[in-house]
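Quick notes on the structure that follows.
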Amino acid sequence: MTTTPTEPSPLLLLELDRSRAPSSGPVPGLSGLTPETLGEWAASIGQPGYRARQILDGVWGALATRPEELRTLPAALRDTLAAQFRLDTLESSEVRPADGGLTEKVLHRLGDGALIESVVMHYPARGSRRERHTLCISSQAGCGVGCPFCATGELGFVRDLDAAEILDQVRHAARLLRERERRLTNVVFMGMGEPLLNPDPVFAAIEALTDPRRFGMGARHITVSTSGVVPGIRRLTALRPQFTLAVSLHAARDPLRDVLVPLNRRWPVAEVVAAARDHARITGRRVSYEVTLIDGINDTPRDADAMADLLRGGHGHVNLIPMNPVAHTPWRASPIETIEAFAERLQAAGIPITIRRNRGQDIGAACGQLAAERAGEPAPAAVSRRRERLVAESAAALRGERSTTPAPAGTEG
Ligand code: SAH
Ligand code: SF4
């Protein structure tokens with residue numbers, strides 16, 4: 001799918017080094033190949049069928065990124081493979097610890113110079129709960145949806161990732177953890193990009209992650225977060241395995257959600273919640289609703305009541321997250337007392353909630369931050385124009401007026 005930003009982003013400085021992209025198109029990443037395709041490839045060069053199995057063991061067992069790590073293959077075959085496929089689509093990966101080591105943010109540079117990031121979050125064992133190591137991955141470089149409080153949204157859309165670029169983030173984190181004799185336990189699509197606007201590579205990636213011949217992770221340990229792409233939610237549900245669906249809700253009233261999640265102009269909130277309800281009913285998995293609270297914008301008792309009405313019926317759980325001030329907005333996080341009051345109103349309506357104080361900010365907002373930092377500060381004039389526009393749009397939304405701005409590009413179909 002191709003999407004373009006609705007207006008040229010002042011931050012679109014991601015150094016797309018096109019001179020490095022081969023004219024015949026990029027060399028495919030090895031991790032994006034299915035066992036079937038690998039079998040056909042092996043047969044096409046006259047190799048026995050078990051070679052595909054050996055290559056898969058190298059990619060998913062040994063987590064190889066260099067030909068010499070494919071130890072079970074004859075040297076000539078290793079060379080042929082390395083000439084036709086990239087063993088690692090991440091040209092470089094820079095790890096930066098944060099949060100006293102509990103979080104590691106990783107900035108990856110792709111073959112064409114585009115920057116993306118992934119975040120590893122470590123959760124120590126607590127009581128009877130085992131330790132967990134969760135990886136937050138990107139599905140696109142930048143994002144065209146343009147939620148105004150999100151650093152990735154401010155960056156704008158750069159390009160879709162392919163399946164190998166998504167999967168190589170997982171292999172990178174799995175190697176990092178293996179060095180410490182730890183294991184990756186969860187994967188969440190909450191990094192840069194809107195996963196369900198890049199559906200084919202994302203669905204190919206979740207298939208590889210759950211395939212016992214490849215990464216072999218249980219579907220319950222994989223969360224797909226969406227800002228509300230209804231056909232994508234329905235496709236996820238139709239897969240049947242119990243993936244966790246997270247919906248970035250942020251507001252229950254259409255005029256306000258049109259501003260906070262511009263995709264709402266294409267798929268209004270009631271349609272999104274109907275699809276999420278069906279997901280919960282069909283898979284038996286509770287939906288997570290993410291709500292980033294912004295002072296005086298979406299945190300009023302009226303907003304809490306509208307959300308309670310929308311979500312009544314026990315199919316979901318709400319995560320309340322104070323806005324992390326990473327994008328250039330005129331807004332700030334709601335005070336904790338306001339968040340608690342909001343939580344109480346939802347709880348009174350029987351809706352389970354969690355308030356995420358710190359780590360939630362990391363999950364929700366740290367993704368997108370590193371690459372945005374690299375892109376540099378936008379011009380002051382562009383920042384003030386953006387702030388003025390958001391003040392005007394949110395004021396109109398609070399008066400109940402629907403936005404007349406079109407839905408983000410790429411969502412017309
Ligand atoms: N595009 C997808 C997944 C990536 S964003 C989506 O929007 O669901 C992951 C989560 O972080 C989303 O819920 C998003 O709304 C939230 N988020 C983005 N910027 C944030 C900020 N500044 N503060 C708090 N949460 C933020
Ligand atoms: Fe895109 Fe999600 Fe950020 Fe919205 S919150 S701009 S959908 S990455």
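Residues in the structure tokens are numbered from 1 in each chain, the chains being A, B, ... in the order shown, and ligands are numbered from 1 in the order shown.
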Within 9 Å of ligand 2 (only C-alpha atoms and all ligand atoms), residues as a compact mmCIF listing (two decimals) with N, CA and C atoms, in the first residue's frame:
```txt
# COMPACT_ATOMS: atom_id res chain seq x y z
N SER A 138 8.29 -1.70 14.69
CA SER A 138 7.73 -0.76 13.70
C SER A 138 7.24 -1.53 12.49
N GLN A 140 6.07 0.55 9.69
CA GLN A 140 6.30 1.50 8.60
C GLN A 140 7.42 2.44 9.07
N GLY A 142 7.96 6.11 9.59
CA GLY A 142 7.01 7.21 9.70
C GLY A 142 5.59 6.68 9.74
N CYS A 143 4.62 7.58 9.66
CA CYS A 143 3.21 7.15 9.64
C CYS A 143 2.38 8.26 9.02
N GLY A 144 1.45 7.87 8.16
CA GLY A 144 0.63 8.86 7.46
C GLY A 144 -0.66 9.22 8.17
N VAL A 145 -0.94 8.56 9.31
CA VAL A 145 -2.23 8.81 9.97
C VAL A 145 -2.25 10.21 10.60
N GLY A 146 -1.11 10.61 11.16
CA GLY A 146 -0.99 12.00 11.62
C GLY A 146 -1.68 12.32 12.93
N CYS A 147 -1.73 11.39 13.89
CA CYS A 147 -2.27 11.75 15.22
C CYS A 147 -1.38 12.86 15.77
N PRO A 148 -1.96 14.00 16.18
CA PRO A 148 -1.13 15.18 16.45
C PRO A 148 -0.23 15.07 17.68
N PHE A 149 -0.55 14.15 18.63
CA PHE A 149 0.26 14.05 19.85
C PHE A 149 1.42 13.07 19.67
N CYS A 150 1.53 12.47 18.48
CA CYS A 150 2.48 11.37 18.28
C CYS A 150 3.68 11.85 17.45
N ALA A 151 4.88 11.54 17.94
CA ALA A 151 6.10 11.97 17.25
C ALA A 151 6.20 11.36 15.86
N THR A 152 5.77 10.10 15.72
CA THR A 152 5.81 9.46 14.40
C THR A 152 4.82 10.14 13.46
N GLY A 153 3.67 10.49 14.00
CA GLY A 153 2.65 11.17 13.19
C GLY A 153 3.17 12.51 12.69
N GLU A 154 3.93 13.19 13.52
CA GLU A 154 4.48 14.49 13.13
C GLU A 154 5.52 14.32 12.01
N LEU A 155 6.22 13.21 12.06
CA LEU A 155 7.25 12.91 11.06
C LEU A 155 6.64 12.72 9.67
N GLY A 156 5.44 12.18 9.60
CA GLY A 156 4.81 11.90 8.31
C GLY A 156 5.21 10.52 7.80
N PHE A 157 4.60 10.16 6.67
CA PHE A 157 4.84 8.81 6.12
C PHE A 157 6.11 8.80 5.28
N MET A 190 3.58 -1.74 18.17
CA MET A 190 3.25 -0.41 18.70
C MET A 190 4.36 0.58 18.42
N GLY A 191 5.23 0.23 17.48
CA GLY A 191 6.32 1.16 17.14
C GLY A 191 5.85 2.14 16.10
N MET A 192 6.76 2.49 15.20
CA MET A 192 6.38 3.46 14.16
C MET A 192 5.41 2.82 13.19
N GLY A 193 4.43 3.61 12.78
CA GLY A 193 3.56 3.18 11.69
C GLY A 193 2.24 2.60 12.13
N GLU A 194 1.33 2.54 11.17
CA GLU A 194 0.00 1.94 11.41
C GLU A 194 0.03 0.56 10.76
N PRO A 195 0.15 -0.50 11.58
CA PRO A 195 0.35 -1.84 10.99
C PRO A 195 -0.73 -2.23 10.00
N SER A 225 -1.53 -3.29 17.43
CA SER A 225 -2.19 -2.05 17.84
C SER A 225 -2.58 -1.26 16.60
N THR A 226 -3.82 -0.81 16.58
CA THR A 226 -4.28 -0.05 15.41
C THR A 226 -5.02 1.21 15.84
N SER A 227 -4.92 2.22 15.01
CA SER A 227 -5.66 3.44 15.27
C SER A 227 -7.08 3.32 14.70
N GLY A 228 -7.41 2.14 14.14
CA GLY A 228 -8.82 1.91 13.76
C GLY A 228 -9.05 1.61 12.29
N SER A 248 -6.26 2.07 19.51
CA SER A 248 -5.93 3.41 20.02
C SER A 248 -7.19 4.25 19.93
N LEU A 260 -7.96 13.91 16.96
CA LEU A 260 -6.89 13.18 17.67
C LEU A 260 -6.42 11.97 16.87
N VAL A 261 -7.32 11.32 16.15
CA VAL A 261 -6.97 10.15 15.33
C VAL A 261 -7.59 10.39 13.95
N PRO A 262 -6.89 11.06 13.06
CA PRO A 262 -7.53 11.49 11.80
C PRO A 262 -8.14 10.35 10.97
N LEU A 263 -7.75 9.12 11.23
CA LEU A 263 -8.34 7.98 10.54
C LEU A 263 -9.84 7.85 10.85
N GLY A 364 3.98 3.65 24.60
CA GLY A 364 3.17 4.43 23.67
C GLY A 364 3.95 5.48 22.93
N ALA A 365 4.83 6.13 23.63
CA ALA A 365 5.37 7.34 23.03
C ALA A 365 6.85 7.28 22.71
N CYS A 367 8.36 5.01 21.18
CA CYS A 367 8.46 4.58 19.79
C CYS A 367 8.20 5.80 18.92
N GLY A 368 9.06 6.05 18.01
CA GLY A 368 8.88 7.23 17.15
C GLY A 368 9.76 8.38 17.59
```
Exercise: Asn264 (chain A) partners within 8 Å, only C-alpha atoms, chain neighbours under 4 positions left out, as a PyMOL selection string: chain A and resi 228+254+257-258+268-269+407
Same residues, N, CA and C atoms, saved as an mmCIF file, in the first residue's frame:
```cif
data_model
loop_
_atom_site.group_PDB
_atom_site.id
_atom_site.type_symbol
_atom_site.label_atom_id
_atom_site.label_comp_id
_atom_site.auth_asym_id
_atom_site.auth_seq_id
_atom_site.Cartn_x
_atom_site.Cartn_y
_atom_site.Cartn_z
ATOM 1 N N GLY A 228 -7.412 2.141 14.144
ATOM 2 C CA GLY A 228 -8.815 1.911 13.764
ATOM 3 C C GLY A 228 -9.054 1.610 12.293
ATOM 4 N N ASP A 254 -17.033 11.439 17.982
ATOM 5 C CA ASP A 254 -16.459 11.585 16.637
ATOM 6 C C ASP A 254 -15.759 12.924 16.380
ATOM 7 N N ARG A 257 -12.429 12.775 18.083
ATOM 8 C CA ARG A 257 -11.562 11.708 17.557
ATOM 9 C C ARG A 257 -11.105 12.019 16.126
ATOM 10 N N ASP A 258 -11.924 12.758 15.369
ATOM 11 C CA ASP A 258 -11.491 13.194 14.031
ATOM 12 C C ASP A 258 -10.167 13.957 14.104
ATOM 13 N N PRO A 268 -15.415 5.771 11.421
ATOM 14 C CA PRO A 268 -15.847 6.406 12.675
ATOM 15 C C PRO A 268 -15.772 5.435 13.855
ATOM 16 N N VAL A 269 -15.716 6.019 15.031
ATOM 17 C CA VAL A 269 -15.407 5.249 16.235
ATOM 18 C C VAL A 269 -16.392 4.084 16.470
ATOM 19 N N ALA A 407 -9.821 12.454 5.173
ATOM 20 C CA ALA A 407 -9.116 11.363 5.875
ATOM 21 C C ALA A 407 -7.704 11.255 5.323
#
```
DSSP-assigned strand (DSSP E or B) members of region 236-381 of chain A, reported as a PDB file with N, CA and C atoms, in the first residue's frame:
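And here is the file that came out, part.pdb:
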```pdb
ATOM      1  N   THR A 244      -3.780 -10.575  20.268  1.00  0.00           N
ATOM      2  CA  THR A 244      -4.387  -9.525  21.068  1.00  0.00           C
ATOM      3  C   THR A 244      -4.529  -8.289  20.190  1.00  0.00           C
ATOM      4  N   LEU A 245      -5.713  -7.721  20.239  1.00  0.00           N
ATOM      5  CA  LEU A 245      -5.976  -6.494  19.481  1.00  0.00           C
ATOM      6  C   LEU A 245      -5.939  -5.320  20.449  1.00  0.00           C
ATOM      7  N   ALA A 246      -5.136  -4.311  20.111  1.00  0.00           N
ATOM      8  CA  ALA A 246      -5.157  -3.062  20.879  1.00  0.00           C
ATOM      9  C   ALA A 246      -5.696  -1.974  19.955  1.00  0.00           C
ATOM     10  N   VAL A 247      -6.642  -1.218  20.447  1.00  0.00           N
ATOM     11  CA  VAL A 247      -7.230  -0.145  19.647  1.00  0.00           C
ATOM     12  C   VAL A 247      -6.865   1.192  20.288  1.00  0.00           C
ATOM     13  N   SER A 248      -6.263   2.075  19.506  1.00  0.00           N
ATOM     14  CA  SER A 248      -5.930   3.408  20.021  1.00  0.00           C
ATOM     15  C   SER A 248      -7.193   4.252  19.932  1.00  0.00           C
ATOM     16  N   VAL A 287     -10.175  -7.071  24.241  1.00  0.00           N
ATOM     17  CA  VAL A 287      -9.494  -6.014  23.479  1.00  0.00           C
ATOM     18  C   VAL A 287      -8.894  -5.000  24.453  1.00  0.00           C
ATOM     19  N   SER A 288      -7.699  -4.482  24.124  1.00  0.00           N
ATOM     20  CA  SER A 288      -7.119  -3.395  24.918  1.00  0.00           C
ATOM     21  C   SER A 288      -7.419  -2.081  24.232  1.00  0.00           C
ATOM     22  N   TYR A 289      -7.996  -1.150  24.951  1.00  0.00           N
ATOM     23  CA  TYR A 289      -8.206   0.184  24.389  1.00  0.00           C
ATOM     24  C   TYR A 289      -7.172   1.130  24.991  1.00  0.00           C
ATOM     25  N   GLU A 290      -6.409   1.787  24.127  1.00  0.00           N
ATOM     26  CA  GLU A 290      -5.381   2.718  24.594  1.00  0.00           C
ATOM     27  C   GLU A 290      -5.969   4.135  24.566  1.00  0.00           C
ATOM     28  N   VAL A 291      -5.847   4.836  25.662  1.00  0.00           N
ATOM     29  CA  VAL A 291      -6.394   6.199  25.741  1.00  0.00           C
ATOM     30  C   VAL A 291      -5.316   7.124  26.298  1.00  0.00           C
ATOM     31  N   THR A 292      -4.811   7.987  25.445  1.00  0.00           N
ATOM     32  CA  THR A 292      -3.788   8.956  25.843  1.00  0.00           C
ATOM     33  C   THR A 292      -4.512  10.207  26.326  1.00  0.00           C
ATOM     34  N   LEU A 293      -4.310  10.566  27.586  1.00  0.00           N
ATOM     35  CA  LEU A 293      -5.110  11.675  28.140  1.00  0.00           C
ATOM     36  C   LEU A 293      -4.377  13.015  28.054  1.00  0.00           C
ATOM     37  N   ILE A 294      -5.090  13.985  27.485  1.00  0.00           N
ATOM     38  CA  ILE A 294      -4.530  15.315  27.219  1.00  0.00           C
ATOM     39  C   ILE A 294      -5.339  16.340  28.011  1.00  0.00           C
ATOM     40  N   GLY A 316     -13.730  -5.364  26.696  1.00  0.00           N
ATOM     41  CA  GLY A 316     -12.428  -4.698  26.592  1.00  0.00           C
ATOM     42  C   GLY A 316     -11.906  -4.184  27.912  1.00  0.00           C
ATOM     43  N   HIS A 317     -10.674  -3.761  27.868  1.00  0.00           N
ATOM     44  CA  HIS A 317      -9.951  -3.245  29.012  1.00  0.00           C
ATOM     45  C   HIS A 317      -9.338  -1.930  28.562  1.00  0.00           C
ATOM     46  N   VAL A 318      -9.400  -0.893  29.402  1.00  0.00           N
ATOM     47  CA  VAL A 318      -8.892   0.418  28.982  1.00  0.00           C
ATOM     48  C   VAL A 318      -7.570   0.722  29.685  1.00  0.00           C
ATOM     49  N   ASN A 319      -6.574   1.128  28.908  1.00  0.00           N
ATOM     50  CA  ASN A 319      -5.307   1.608  29.463  1.00  0.00           C
ATOM     51  C   ASN A 319      -5.279   3.121  29.358  1.00  0.00           C
ATOM     52  N   LEU A 320      -5.201   3.781  30.495  1.00  0.00           N
ATOM     53  CA  LEU A 320      -5.147   5.246  30.493  1.00  0.00           C
ATOM     54  C   LEU A 320      -3.687   5.674  30.604  1.00  0.00           C
ATOM     55  N   ILE A 321      -3.260   6.502  29.669  1.00  0.00           N
ATOM     56  CA  ILE A 321      -1.839   6.872  29.564  1.00  0.00           C
ATOM     57  C   ILE A 321      -1.728   8.391  29.510  1.00  0.00           C
ATOM     58  N   PRO A 322      -1.026   9.003  30.461  1.00  0.00           N
ATOM     59  CA  PRO A 322      -0.851  10.464  30.343  1.00  0.00           C
ATOM     60  C   PRO A 322      -0.037  10.786  29.097  1.00  0.00           C
ATOM     61  N   ALA A 333       0.085  16.704  29.365  1.00  0.00           N
ATOM     62  CA  ALA A 333      -0.572  15.527  29.950  1.00  0.00           C
ATOM     63  C   ALA A 333      -1.620  15.953  30.971  1.00  0.00           C
ATOM     64  N   ILE A 353      -9.961  -0.998  34.019  1.00  0.00           N
ATOM     65  CA  ILE A 353      -8.979  -0.008  33.547  1.00  0.00           C
ATOM     66  C   ILE A 353      -7.624  -0.233  34.234  1.00  0.00           C
ATOM     67  N   THR A 354      -6.583   0.244  33.587  1.00  0.00           N
ATOM     68  CA  THR A 354      -5.253   0.326  34.196  1.00  0.00           C
ATOM     69  C   THR A 354      -4.732   1.726  33.913  1.00  0.00           C
ATOM     70  N   ILE A 355      -4.118   2.335  34.920  1.00  0.00           N
ATOM     71  CA  ILE A 355      -3.460   3.620  34.669  1.00  0.00           C
ATOM     72  C   ILE A 355      -1.979   3.318  34.470  1.00  0.00           C
TER      73      ILE A 355
END
```
All alpha helix (DSSP H) positions in region 62-206 of chain A, as a PyMOL selection string: chain A and resi 75-84+151-155+163-179+199-206
Can I get the selected residues back with N, CA and C atoms, as a short mmCIF file (atom, residue, chain, number, x, y, z; two decimals), in the first residue's frame?
```cif
data_model
loop_
_atom_site.label_atom_id
_atom_site.label_comp_id
_atom_site.auth_asym_id
_atom_site.auth_seq_id
_atom_site.Cartn_x
_atom_site.Cartn_y
_atom_site.Cartn_z
N ALA A 75 29.61 -24.53 1.82
CA ALA A 75 30.08 -23.16 1.57
C ALA A 75 29.53 -22.59 0.26
N ALA A 76 29.47 -23.41 -0.79
CA ALA A 76 29.02 -22.89 -2.09
C ALA A 76 27.57 -22.45 -2.01
N LEU A 77 26.76 -23.21 -1.28
CA LEU A 77 25.34 -22.86 -1.15
C LEU A 77 25.18 -21.57 -0.32
N ARG A 78 26.01 -21.46 0.70
CA ARG A 78 25.98 -20.23 1.51
C ARG A 78 26.24 -19.02 0.63
N ASP A 79 27.23 -19.16 -0.28
CA ASP A 79 27.57 -18.04 -1.15
C ASP A 79 26.42 -17.70 -2.09
N THR A 80 25.80 -18.76 -2.65
CA THR A 80 24.67 -18.53 -3.57
C THR A 80 23.55 -17.81 -2.83
N LEU A 81 23.28 -18.28 -1.63
CA LEU A 81 22.20 -17.71 -0.83
C LEU A 81 22.48 -16.23 -0.52
N ALA A 82 23.73 -15.98 -0.11
CA ALA A 82 24.09 -14.61 0.26
C ALA A 82 24.08 -13.67 -0.94
N ALA A 83 24.28 -14.23 -2.15
CA ALA A 83 24.25 -13.38 -3.35
C ALA A 83 22.82 -13.04 -3.73
N GLN A 84 21.88 -13.92 -3.38
CA GLN A 84 20.50 -13.70 -3.83
C GLN A 84 19.59 -13.07 -2.78
N ALA A 151 4.88 11.54 17.94
CA ALA A 151 6.10 11.97 17.25
C ALA A 151 6.20 11.36 15.86
N THR A 152 5.77 10.10 15.72
CA THR A 152 5.81 9.46 14.40
C THR A 152 4.82 10.14 13.46
N GLY A 153 3.67 10.49 14.00
CA GLY A 153 2.65 11.17 13.19
C GLY A 153 3.17 12.51 12.69
N GLU A 154 3.93 13.19 13.52
CA GLU A 154 4.48 14.49 13.13
C GLU A 154 5.52 14.32 12.01
N LEU A 155 6.22 13.21 12.06
CA LEU A 155 7.25 12.91 11.06
C LEU A 155 6.64 12.72 9.67
N ALA A 163 8.10 -7.60 4.89
CA ALA A 163 8.00 -8.57 5.99
C ALA A 163 9.37 -8.81 6.63
N ALA A 164 10.43 -8.90 5.80
CA ALA A 164 11.75 -9.19 6.36
C ALA A 164 12.22 -8.05 7.27
N GLU A 165 11.91 -6.81 6.88
CA GLU A 165 12.33 -5.67 7.72
C GLU A 165 11.59 -5.68 9.06
N ILE A 166 10.36 -6.15 9.05
CA ILE A 166 9.61 -6.27 10.31
C ILE A 166 10.21 -7.41 11.14
N LEU A 167 10.44 -8.55 10.48
CA LEU A 167 10.90 -9.73 11.20
C LEU A 167 12.34 -9.58 11.69
N ASP A 168 13.16 -8.85 10.95
CA ASP A 168 14.55 -8.70 11.39
C ASP A 168 14.66 -7.88 12.68
N GLN A 169 13.66 -7.03 12.95
CA GLN A 169 13.65 -6.34 14.26
C GLN A 169 13.48 -7.38 15.38
N VAL A 170 12.63 -8.39 15.11
CA VAL A 170 12.40 -9.44 16.11
C VAL A 170 13.67 -10.28 16.27
N ARG A 171 14.29 -10.62 15.14
CA ARG A 171 15.51 -11.45 15.23
C ARG A 171 16.62 -10.67 15.95
N HIS A 172 16.68 -9.37 15.74
CA HIS A 172 17.70 -8.56 16.41
C HIS A 172 17.50 -8.61 17.92
N ALA A 173 16.26 -8.41 18.36
CA ALA A 173 15.98 -8.41 19.81
C ALA A 173 16.22 -9.81 20.40
N ALA A 174 15.84 -10.84 19.63
CA ALA A 174 16.01 -12.21 20.13
C ALA A 174 17.51 -12.51 20.32
N ARG A 175 18.33 -11.98 19.42
CA ARG A 175 19.80 -12.19 19.57
C ARG A 175 20.32 -11.44 20.78
N LEU A 176 19.83 -10.20 20.93
CA LEU A 176 20.26 -9.38 22.08
C LEU A 176 19.96 -10.12 23.39
N LEU A 177 18.77 -10.69 23.47
CA LEU A 177 18.36 -11.40 24.69
C LEU A 177 19.11 -12.71 24.84
N ARG A 178 19.36 -13.39 23.72
CA ARG A 178 20.08 -14.67 23.78
C ARG A 178 21.46 -14.49 24.38
N GLU A 179 22.10 -13.34 24.07
CA GLU A 179 23.44 -13.07 24.64
C GLU A 179 23.38 -13.03 26.16
N PRO A 199 -0.94 -3.98 5.42
CA PRO A 199 -1.43 -5.27 5.89
C PRO A 199 -0.67 -6.50 5.39
N ASP A 200 -0.32 -6.57 4.10
CA ASP A 200 0.24 -7.84 3.63
C ASP A 200 1.57 -8.17 4.33
N PRO A 201 2.53 -7.24 4.38
CA PRO A 201 3.76 -7.56 5.11
C PRO A 201 3.50 -7.84 6.60
N VAL A 202 2.56 -7.12 7.20
CA VAL A 202 2.30 -7.34 8.63
C VAL A 202 1.69 -8.73 8.85
N PHE A 203 0.75 -9.12 8.00
CA PHE A 203 0.16 -10.46 8.16
C PHE A 203 1.18 -11.55 7.84
N ALA A 204 2.05 -11.31 6.85
CA ALA A 204 3.11 -12.29 6.57
C ALA A 204 4.04 -12.40 7.79
N ALA A 205 4.30 -11.27 8.44
CA ALA A 205 5.20 -11.29 9.61
C ALA A 205 4.55 -12.03 10.78
N ILE A 206 3.26 -11.80 11.04
CA ILE A 206 2.67 -12.50 12.19
C ILE A 206 2.54 -14.00 11.90
#
```
Among listed residues A:Arg385, A:Arg332, A:Arg109, A:His133, nearest Leu161 (chain A) (using only C-alpha atoms):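 For Leu161 (chain A), the nearest of the given residues is A:Arg109.
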Which residue of A:Thr411, A:Thr210, A:Thr338, A:Ser31 approaches Leu90 (chain A) most closely, using only C-alpha atoms: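 For Leu90 (chain A), the nearest of the given residues is A:Ser31.
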Residues within 12 Å of Arg281 (chain A), only C-alpha atoms, excluding chain neighbours under 3 positions, as a ChimeraX atom specification: /A:237-238,240,242,274-278,284-287,313-316
Write to file, as an mmCIF file, in the first residue's frame, the residues of the selection just made, with N, CA and C atoms.
```cif
data_model
loop_
_atom_site.group_PDB
_atom_site.id
_atom_site.type_symbol
_atom_site.label_atom_id
_atom_site.label_comp_id
_atom_site.auth_asym_id
_atom_site.auth_seq_id
_atom_site.Cartn_x
_atom_site.Cartn_y
_atom_site.Cartn_z
ATOM 1 N N THR A 237 -9.143 -10.814 12.809
ATOM 2 C CA THR A 237 -10.112 -11.682 13.473
ATOM 3 C C THR A 237 -10.310 -12.971 12.675
ATOM 4 N N ALA A 238 -10.360 -12.827 11.340
ATOM 5 C CA ALA A 238 -10.629 -13.992 10.492
ATOM 6 C C ALA A 238 -9.498 -15.028 10.555
ATOM 7 N N ARG A 240 -8.360 -16.220 13.160
ATOM 8 C CA ARG A 240 -8.775 -17.103 14.273
ATOM 9 C C ARG A 240 -7.783 -17.221 15.419
ATOM 10 N N GLN A 242 -5.468 -16.495 18.539
ATOM 11 C CA GLN A 242 -5.865 -15.476 19.506
ATOM 12 C C GLN A 242 -4.866 -14.330 19.625
ATOM 13 N N ALA A 274 -17.292 -1.677 16.955
ATOM 14 C CA ALA A 274 -18.087 -2.854 16.540
ATOM 15 C C ALA A 274 -17.150 -3.968 16.054
ATOM 16 N N ALA A 275 -16.122 -3.589 15.277
ATOM 17 C CA ALA A 275 -15.172 -4.605 14.791
ATOM 18 C C ALA A 275 -14.384 -5.200 15.962
ATOM 19 N N ALA A 276 -14.027 -4.352 16.938
ATOM 20 C CA ALA A 276 -13.266 -4.830 18.093
ATOM 21 C C ALA A 276 -14.122 -5.773 18.957
ATOM 22 N N ARG A 277 -15.385 -5.440 19.112
ATOM 23 C CA ARG A 277 -16.318 -6.322 19.859
ATOM 24 C C ARG A 277 -16.395 -7.691 19.198
ATOM 25 N N ASP A 278 -16.501 -7.693 17.856
ATOM 26 C CA ASP A 278 -16.563 -8.971 17.135
ATOM 27 C C ASP A 278 -15.266 -9.760 17.346
ATOM 28 N N GLY A 284 -12.369 -14.776 21.756
ATOM 29 C CA GLY A 284 -12.366 -14.959 23.214
ATOM 30 C C GLY A 284 -11.282 -14.132 23.900
ATOM 31 N N ARG A 285 -10.655 -13.206 23.180
ATOM 32 C CA ARG A 285 -9.588 -12.363 23.754
ATOM 33 C C ARG A 285 -10.114 -10.960 24.010
ATOM 34 N N ARG A 286 -9.875 -10.467 25.208
ATOM 35 C CA ARG A 286 -10.309 -9.121 25.541
ATOM 36 C C ARG A 286 -9.497 -8.086 24.738
ATOM 37 N N VAL A 287 -10.175 -7.071 24.241
ATOM 38 C CA VAL A 287 -9.494 -6.014 23.479
ATOM 39 C C VAL A 287 -8.894 -5.000 24.453
ATOM 40 N N GLY A 313 -20.334 -3.484 28.324
ATOM 41 C CA GLY A 313 -20.578 -4.848 27.858
ATOM 42 C C GLY A 313 -19.415 -5.798 28.075
ATOM 43 N N GLY A 314 -18.319 -5.296 28.622
ATOM 44 C CA GLY A 314 -17.279 -6.195 29.121
ATOM 45 C C GLY A 314 -16.382 -6.882 28.115
ATOM 46 N N HIS A 315 -16.233 -6.334 26.904
ATOM 47 C CA HIS A 315 -15.349 -7.019 25.957
ATOM 48 C C HIS A 315 -13.945 -6.441 25.961
ATOM 49 N N GLY A 316 -13.730 -5.364 26.696
ATOM 50 C CA GLY A 316 -12.428 -4.698 26.592
ATOM 51 C C GLY A 316 -11.906 -4.184 27.912
#
```
Which residue of A:Ile282, A:Ala141, A:Glu337, A:Arg234 approaches ligand 1 most closely, using only C-alpha atoms and all ligand atoms: A:Ala141
Point-to-point distance from CA of Ser334 (chain A) to CA of Pro255 (chain A), Å rounded to tenths: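 Calculated distance between CA of Ser334 (chain A) and CA of Pro255 (chain A) is 19.8 Å.
When only C-alpha atoms and all ligand atoms are used to compute distances to ligand 1, the closest of the residues A:Leu311, A:Val188, A:Ile55, A:Val326 turns out to be A:Val326.
Using only C-alpha atoms and all ligand atoms for every distance, the candidate list A:Pro325, A:Pro231, A:Gly29, A:Pro212 yields A:Pro325 as the residue closest to ligand 1.
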Using only C-alpha atoms and all ligand atoms: which of A:Ile137, A:Ala252, A:Leu73, A:Ala381 has the shortest distance to ligand 1: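 When distances to ligand 1 are compared using only C-alpha atoms and all ligand atoms, the smallest one comes from A:Ile137.
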Spatial neighbours of region 297-299 of chain A, max dist 8 Å, only C-alpha atoms, sep filter under 6 positions, as a list in words: His250, Ala251, Leu256, Ser334, Thr338, Ile339, Phe342, Ser394 and Leu398 of chain A
Export of prior selection with C-alpha atoms as a PDB file, in the first residue's frame:
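Dumped everything to again-v4.pdb:
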```
ATOM      1  CA  HIS A 250      -8.292   8.322  22.646  1.00  0.00           C
ATOM      2  CA  ALA A 251     -11.832   9.711  22.326  1.00  0.00           C
ATOM      3  CA  LEU A 256     -12.843  15.027  18.874  1.00  0.00           C
ATOM      4  CA  SER A 334      -3.655  15.419  32.150  1.00  0.00           C
ATOM      5  CA  THR A 338      -8.014  14.053  36.454  1.00  0.00           C
ATOM      6  CA  ILE A 339      -6.833  10.656  35.184  1.00  0.00           C
ATOM      7  CA  PHE A 342     -11.710   9.566  34.519  1.00  0.00           C
ATOM      8  CA  SER A 394      -9.555  21.078  18.922  1.00  0.00           C
ATOM      9  CA  LEU A 398     -14.969  20.643  21.580  1.00  0.00           C
TER      10      LEU A 398
END
```
